[in-house]
Amino acid sequence: MPELPEVETVRKTLKQFVLNKTIDDVKVYWPNIIKKPDDVEEFKQLLRGQSIVDISRRGKFLLFQLDDYVLISHLRMEGKYSVHQAIESVKKHTHVLFTFTDGKELRYNDVRKFGTMHIYVKGEEMSDKPLNQLGPDPFDPAFTLEYLYQKFKKTERIVKSVLLDQTIVAGLGNIYVDETLFRAGVHPLKKSNKLTKKEVQKIRKQAILTLEEAVEQGGTTIRSYVNSQGEMGMFQQELFVYGQENEPCKKCGNAVIKLKVGGRGTHICPSCQKE
DNA sequence: TTTTATGTTTCTGG
DNA sequence: GCCAGAAACATAAA
C-alpha cells in the first residue's frame, strides 16, 4: 500500500503517540514478519527496556530509533500502526504488539502479512539489508539530474521499471510513478537509455514535486490506507491518471487508459504520453 | 462460485 | 542482466 508520502505521514502521526515511551514487552502472532534476528524470542528480548528516541524514514522504510537499536519496519501492501489502551480487544490482523510501561500498546496490523521487521545495533543498519541497497530518496541532494541521467543511460530497461527500482531512487511506487510520468509527458514503456536529458530533468522535477505535494496532503487513500490516527490521505483528489481509467484526461480531455507494464497496472493518457 | 486485482518486494526459470 | 511469472497472504469487486 504505502509509498513515500504515506510512510512519511505514518511517521509523523505515529511519532506524536509513541515518542519517549519505553517498551515493556512484545508479542508476535505471525513470526514470518520478523526477519532479523532469526529467533523471535531474541527479537523480543532485544526490545525489552528500550525507549523510542525518534522515528525516521528512509524510502518506504520506517526506522524506530531506540536507545541501543534501530527497528526497521516495512509496511509492504497493507501494514498499519495504531496505538491502543491495553484493554481494547486485539484485532484479527494484529500480528505484532508492543506493550509500553505506561500501559499503552503499539500494534502492527497487516491484512496480507507481507510486512517485514529487522533489528540492528544502532549505526550498523545502513551497511546491511534491507537498507544497504537503497538509492537516494527523491528529496536527497544526491538525487541530482546528473545522477539520474547516468543511471538511465546505462540500461535498456523501460523507464517505469527503473523508477520502481528502489536501488535507483527510494520511495516511488505504482501510484507516484504513473503520476510522475504523466506530469513529465513520458510514456512508461520508453527505454531509459533513449530518454533525452530534458526528459530526465522533467521526470526528476515532477517526481520531487508530486511527492512533496502528496506529503502535504497526507498521502493518497485509494482503498485502505490510513495514517496512525486512522485518518485518510487527501492526495487522491489530485491524481491525474492513477485510477482514472476511462475518465477524461485533465490536461487534454482524451480518455485515460489502463495497461499492464512490467506486471503492474499502469495508467496513461495516450495523447499526452507518446511512446 | 470463480476469477481478478491490489499502494511491495523477492525469488525462480528461461 | 533482464523479463515474466509466481510467491508471500487476504479481501473486495467483477
# chains A, B, ... in the order shown; residues from 1 in each chain; ligands from 1
$ residues_around --residues "Thr167 in chain A" --least-positions-apart "3" --cutoff "7 Å" --atoms "only C-alpha atoms (C1' of nucleotides)" --output "PDB file with N, CA, C and O atoms, in the first residue's frame"
ATOM      1  N   GLN A 133      21.067  -1.388   0.029  1.00  0.00           N
ATOM      2  CA  GLN A 133      20.991  -1.321  -1.437  1.00  0.00           C
ATOM      3  C   GLN A 133      20.160  -0.152  -1.939  1.00  0.00           C
ATOM      4  O   GLN A 133      19.990   0.020  -3.134  1.00  0.00           O
ATOM      5  N   LEU A 134      19.591   0.624  -1.022  1.00  0.00           N
ATOM      6  CA  LEU A 134      18.668   1.683  -1.430  1.00  0.00           C
ATOM      7  C   LEU A 134      19.360   2.831  -2.140  1.00  0.00           C
ATOM      8  O   LEU A 134      20.432   3.280  -1.727  1.00  0.00           O
ATOM      9  N   GLY A 135      18.724   3.331  -3.200  1.00  0.00           N
ATOM     10  CA  GLY A 135      19.181   4.553  -3.832  1.00  0.00           C
ATOM     11  C   GLY A 135      18.780   5.748  -2.976  1.00  0.00           C
ATOM     12  O   GLY A 135      18.148   5.584  -1.936  1.00  0.00           O
ATOM     13  N   ALA A 170      14.632   5.785  -3.967  1.00  0.00           N
ATOM     14  CA  ALA A 170      13.856   5.106  -2.924  1.00  0.00           C
ATOM     15  C   ALA A 170      12.598   5.881  -2.569  1.00  0.00           C
ATOM     16  O   ALA A 170      12.679   7.041  -2.172  1.00  0.00           O
TER      17      ALA A 170
END
$ interface_residues --of "chain C" --to "chain A" --cutoff "7 Å" --atoms "only C-alpha atoms (C1' of nucleotides)" --output "PyMOL selection string"
chain C and resi 8-10
$ write_last_selection --atoms "all heavy atoms" --output "tab-separated table (two decimals), in the first residue's frame"
chain	number	residue	atom	x	y	z
C	8	DA	P	3.85	-19.48	-1.29
C	8	DA	OP1	4.42	-20.72	-0.73
C	8	DA	OP2	2.47	-19.46	-1.82
C	8	DA	O5'	3.94	-18.34	-0.19
C	8	DA	C5'	5.20	-17.96	0.34
C	8	DA	C4'	5.06	-16.58	0.92
C	8	DA	O4'	5.09	-15.63	-0.16
C	8	DA	C3'	3.71	-16.34	1.60
C	8	DA	O3'	3.78	-16.71	2.97
C	8	DA	C2'	3.52	-14.84	1.44
C	8	DA	C1'	4.45	-14.45	0.31
C	8	DA	N9	3.76	-13.83	-0.82
C	8	DA	C8	2.76	-14.35	-1.59
C	8	DA	N7	2.32	-13.55	-2.52
C	8	DA	C5	3.09	-12.41	-2.35
C	8	DA	C6	3.13	-11.16	-3.02
C	8	DA	N6	2.33	-10.86	-4.04
C	8	DA	N1	4.02	-10.24	-2.58
C	8	DA	C2	4.81	-10.55	-1.56
C	8	DA	N3	4.88	-11.67	-0.85
C	8	DA	C4	3.98	-12.57	-1.31
C	9	DC	P	2.59	-17.22	3.73
C	9	DC	OP1	2.98	-17.40	5.13
C	9	DC	OP2	2.02	-18.32	2.92
C	9	DC	O5'	1.59	-15.98	3.67
C	9	DC	C5'	0.25	-16.25	3.82
C	9	DC	C4'	-0.50	-14.97	3.65
C	9	DC	O4'	-0.17	-14.32	2.42
C	9	DC	C3'	-1.99	-15.23	3.57
C	9	DC	O3'	-2.50	-15.05	4.89
C	9	DC	C2'	-2.53	-14.18	2.62
C	9	DC	C1'	-1.29	-13.56	2.00
C	9	DC	N1	-1.32	-13.54	0.51
C	9	DC	C2	-1.75	-12.38	-0.13
C	9	DC	O2	-2.09	-11.41	0.55
C	9	DC	N3	-1.77	-12.35	-1.49
C	9	DC	C4	-1.39	-13.41	-2.18
C	9	DC	N4	-1.41	-13.32	-3.50
C	9	DC	C5	-0.95	-14.60	-1.54
C	9	DC	C6	-0.94	-14.63	-0.21
C	10	DA	P	-3.89	-15.55	5.23
C	10	DA	OP1	-3.94	-15.65	6.70
C	10	DA	OP2	-4.21	-16.70	4.38
C	10	DA	O5'	-4.85	-14.35	4.76
C	10	DA	C5'	-4.65	-13.08	5.32
C	10	DA	C4'	-5.58	-12.10	4.63
C	10	DA	O4'	-5.14	-11.91	3.27
C	10	DA	C3'	-7.04	-12.56	4.56
C	10	DA	O3'	-7.81	-11.59	5.23
C	10	DA	C2'	-7.35	-12.66	3.07
C	10	DA	C1'	-6.28	-11.78	2.44
C	10	DA	N9	-5.84	-12.17	1.09
C	10	DA	C8	-5.47	-13.41	0.64
C	10	DA	N7	-5.09	-13.43	-0.61
C	10	DA	C5	-5.22	-12.10	-1.01
C	10	DA	C6	-4.98	-11.45	-2.23
C	10	DA	N6	-4.53	-12.07	-3.32
C	10	DA	N1	-5.21	-10.12	-2.30
C	10	DA	C2	-5.65	-9.50	-1.20
C	10	DA	N3	-5.92	-10.00	0.00
C	10	DA	C4	-5.68	-11.32	0.03
$ residues_around --residues "Ile203 in chain A" --least-positions-apart "3" --cutoff "12 Å" --atoms "only C-alpha atoms (C1' of nucleotides)" --output "number ranges by chain"
A: 138, 143-145, 148-149, 152, 159-160, 162-163, 176-188, 192, 195-200, 206-210
$ closest_atom_pairs --of "chain B" --to "chain A" --cutoff "9 Å" --atoms "only C-alpha atoms (C1' of nucleotides)" --output "CSV"
residue,atom,partner,partner_atom,distance
B:DA5,C1',A:Gly265,CA,8.8
B:DT6,C1',A:Met77,CA,8.1
B:DG7,C1',A:Met1,CA,3.0
B:DT8,C1',A:Arg76,CA,4.7
B:DT9,C1',A:Arg76,CA,7.7
$ residues_around --residues "DA7 in chain C" --least-positions-apart "2" --cutoff "10 Å" --atoms "only C-alpha atoms (C1' of nucleotides)" --output "MDAnalysis selection string"
(chainID B and resid 10:11) or (chainID C and resid 5 9)
$ write_last_selection --atoms "C-alpha atoms (C1' of nucleotides)" --output "PDB file, in the first residue's frame"
ATOM      1  C1'  DT B  10      11.956 -11.203  -3.806  1.00  0.00           C
ATOM      2  C1'  DC B  11      12.884 -15.401  -5.961  1.00  0.00           C
TER       3       DC B  11
ATOM      4  C1'  DG C   5       5.569 -15.257 -13.605  1.00  0.00           C
ATOM      5  C1'  DC C   9      -1.291 -13.556   2.002  1.00  0.00           C
TER       6       DC C   9
END
$ atom_distance --atom1 "CA of Ile268 in chain A" --atom2 "CA of Gly218 in chain A"
23.9 Å
$ select_by_dssp --residues "range 64-248 of chain A" --states "strand (DSSP E or B)" --output "PyMOL selection string"
chain A and resi 64-66+69-74+79-85+94-100+104-110+116-121+158+191+248
$ select_by_dssp --residues "range 152-203 of chain A" --states "alpha helix (DSSP H)" --output "list in words"
Phe152, Lys153, Val159, Lys160, Ser161, Val162, Leu163, Leu164, Asn174, Ile175, Tyr176, Val177, Asp178, Glu179, Thr180, Leu181, Phe182, Arg183, Ala184, Lys197, Lys198, Glu199, Val200, Gln201, Lys202 and Ile203 of chain A
$ write_last_selection --atoms "N, CA, C and O atoms" --output "compact mmCIF listing (two decimals), in the first residue's frame"
# COMPACT_ATOMS: atom_id res chain seq x y z
N PHE A 152 19.90 6.13 -15.94
CA PHE A 152 19.03 5.82 -17.08
C PHE A 152 19.86 5.42 -18.29
O PHE A 152 19.51 4.52 -19.05
N LYS A 153 20.96 6.13 -18.47
CA LYS A 153 21.78 5.97 -19.68
C LYS A 153 22.32 4.56 -19.83
O LYS A 153 22.47 4.05 -20.93
N VAL A 159 11.36 2.77 -18.61
CA VAL A 159 11.50 3.80 -17.59
C VAL A 159 10.63 3.51 -16.36
O VAL A 159 11.05 3.76 -15.22
N LYS A 160 9.44 2.95 -16.56
CA LYS A 160 8.60 2.68 -15.38
C LYS A 160 9.29 1.70 -14.43
O LYS A 160 9.27 1.90 -13.21
N SER A 161 9.87 0.64 -14.97
CA SER A 161 10.54 -0.35 -14.12
C SER A 161 11.71 0.26 -13.36
O SER A 161 11.96 -0.08 -12.20
N VAL A 162 12.43 1.16 -14.03
CA VAL A 162 13.59 1.77 -13.37
C VAL A 162 13.15 2.68 -12.23
O VAL A 162 13.76 2.69 -11.15
N LEU A 163 12.06 3.42 -12.45
CA LEU A 163 11.58 4.31 -11.38
C LEU A 163 11.02 3.53 -10.19
O LEU A 163 11.02 4.01 -9.06
N LEU A 164 10.53 2.32 -10.47
CA LEU A 164 10.04 1.48 -9.36
C LEU A 164 11.18 0.80 -8.61
O LEU A 164 10.98 0.27 -7.52
N ASN A 174 3.78 2.40 -7.36
CA ASN A 174 2.96 2.37 -8.57
C ASN A 174 2.16 3.65 -8.81
O ASN A 174 2.08 4.12 -9.94
N ILE A 175 1.58 4.21 -7.76
CA ILE A 175 0.79 5.43 -7.95
C ILE A 175 1.68 6.58 -8.42
O ILE A 175 1.40 7.23 -9.43
N TYR A 176 2.74 6.82 -7.67
CA TYR A 176 3.52 8.04 -7.93
C TYR A 176 4.39 7.94 -9.17
O TYR A 176 4.72 8.96 -9.77
N VAL A 177 4.73 6.72 -9.59
CA VAL A 177 5.44 6.58 -10.87
C VAL A 177 4.50 6.94 -12.02
O VAL A 177 4.86 7.68 -12.93
N ASP A 178 3.26 6.43 -11.97
CA ASP A 178 2.30 6.77 -13.02
C ASP A 178 2.06 8.28 -13.07
O ASP A 178 1.99 8.88 -14.14
N GLU A 179 1.90 8.89 -11.90
CA GLU A 179 1.65 10.33 -11.85
C GLU A 179 2.85 11.13 -12.35
O GLU A 179 2.70 12.11 -13.07
N THR A 180 4.03 10.70 -11.94
CA THR A 180 5.25 11.39 -12.35
C THR A 180 5.44 11.33 -13.86
O THR A 180 5.73 12.35 -14.50
N LEU A 181 5.24 10.15 -14.44
CA LEU A 181 5.44 10.00 -15.88
C LEU A 181 4.39 10.79 -16.66
O LEU A 181 4.69 11.39 -17.70
N PHE A 182 3.16 10.82 -16.15
CA PHE A 182 2.15 11.64 -16.83
C PHE A 182 2.55 13.11 -16.80
O PHE A 182 2.55 13.80 -17.81
N ARG A 183 2.91 13.59 -15.63
CA ARG A 183 3.26 15.00 -15.49
C ARG A 183 4.47 15.37 -16.33
O ARG A 183 4.60 16.50 -16.81
N ALA A 184 5.36 14.39 -16.50
CA ALA A 184 6.56 14.65 -17.30
C ALA A 184 6.30 14.43 -18.80
O ALA A 184 7.15 14.74 -19.63
N LYS A 197 18.10 14.32 -22.04
CA LYS A 197 18.40 14.94 -20.75
C LYS A 197 17.23 15.81 -20.29
O LYS A 197 16.92 15.90 -19.10
N LYS A 198 16.59 16.43 -21.25
CA LYS A 198 15.43 17.28 -20.94
C LYS A 198 14.30 16.44 -20.32
O LYS A 198 13.66 16.85 -19.35
N GLU A 199 14.06 15.26 -20.89
CA GLU A 199 13.02 14.39 -20.36
C GLU A 199 13.39 13.90 -18.96
O GLU A 199 12.54 13.83 -18.06
N VAL A 200 14.64 13.56 -18.77
CA VAL A 200 15.09 13.11 -17.45
C VAL A 200 14.90 14.23 -16.43
O VAL A 200 14.46 13.98 -15.30
N GLN A 201 15.21 15.44 -16.84
CA GLN A 201 15.04 16.57 -15.92
C GLN A 201 13.57 16.74 -15.54
O GLN A 201 13.24 16.99 -14.38
N LYS A 202 12.69 16.57 -16.52
CA LYS A 202 11.25 16.67 -16.24
C LYS A 202 10.81 15.58 -15.26
O LYS A 202 10.04 15.84 -14.32
N ILE A 203 11.28 14.37 -15.50
CA ILE A 203 10.92 13.25 -14.63
C ILE A 203 11.38 13.53 -13.20
O ILE A 203 10.63 13.37 -12.23
$ atom_distance --atom1 "CA of Phe17 in chain A" --atom2 "CA of Pro136 in chain A"
28.2 Å
$ residues_around --residues "DT4 in chain B" --least-positions-apart "2" --cutoff "10 Å" --atoms "only C-alpha atoms (C1' of nucleotides)" --output "ChimeraX atom specification"
/B:2,6 /C:13-14
$ atom_distance --atom1 "CA of Tyr29 in chain A" --atom2 "CA of Lys92 in chain A"
10.0 Å
$ residues_around --residues "Lys21 in chain A" --least-positions-apart "6" --cutoff "10 Å" --atoms "only C-alpha atoms (C1' of nucleotides)" --output "list of chain:residue names"
A:Gly49, A:Gln50, A:Ser51, A:Ile52, A:Val53, A:Leu66, A:Thr99, A:Phe100, A:Thr101, A:Asp102, A:Lys104, A:Glu105
$ residues_around --residues "Asp67 in chain A" --least-positions-apart "3" --cutoff "12 Å" --atoms "only C-alpha atoms (C1' of nucleotides)" --output "ChimeraX atom specification"
/A:19-23,46-55,64,70-71,120-123
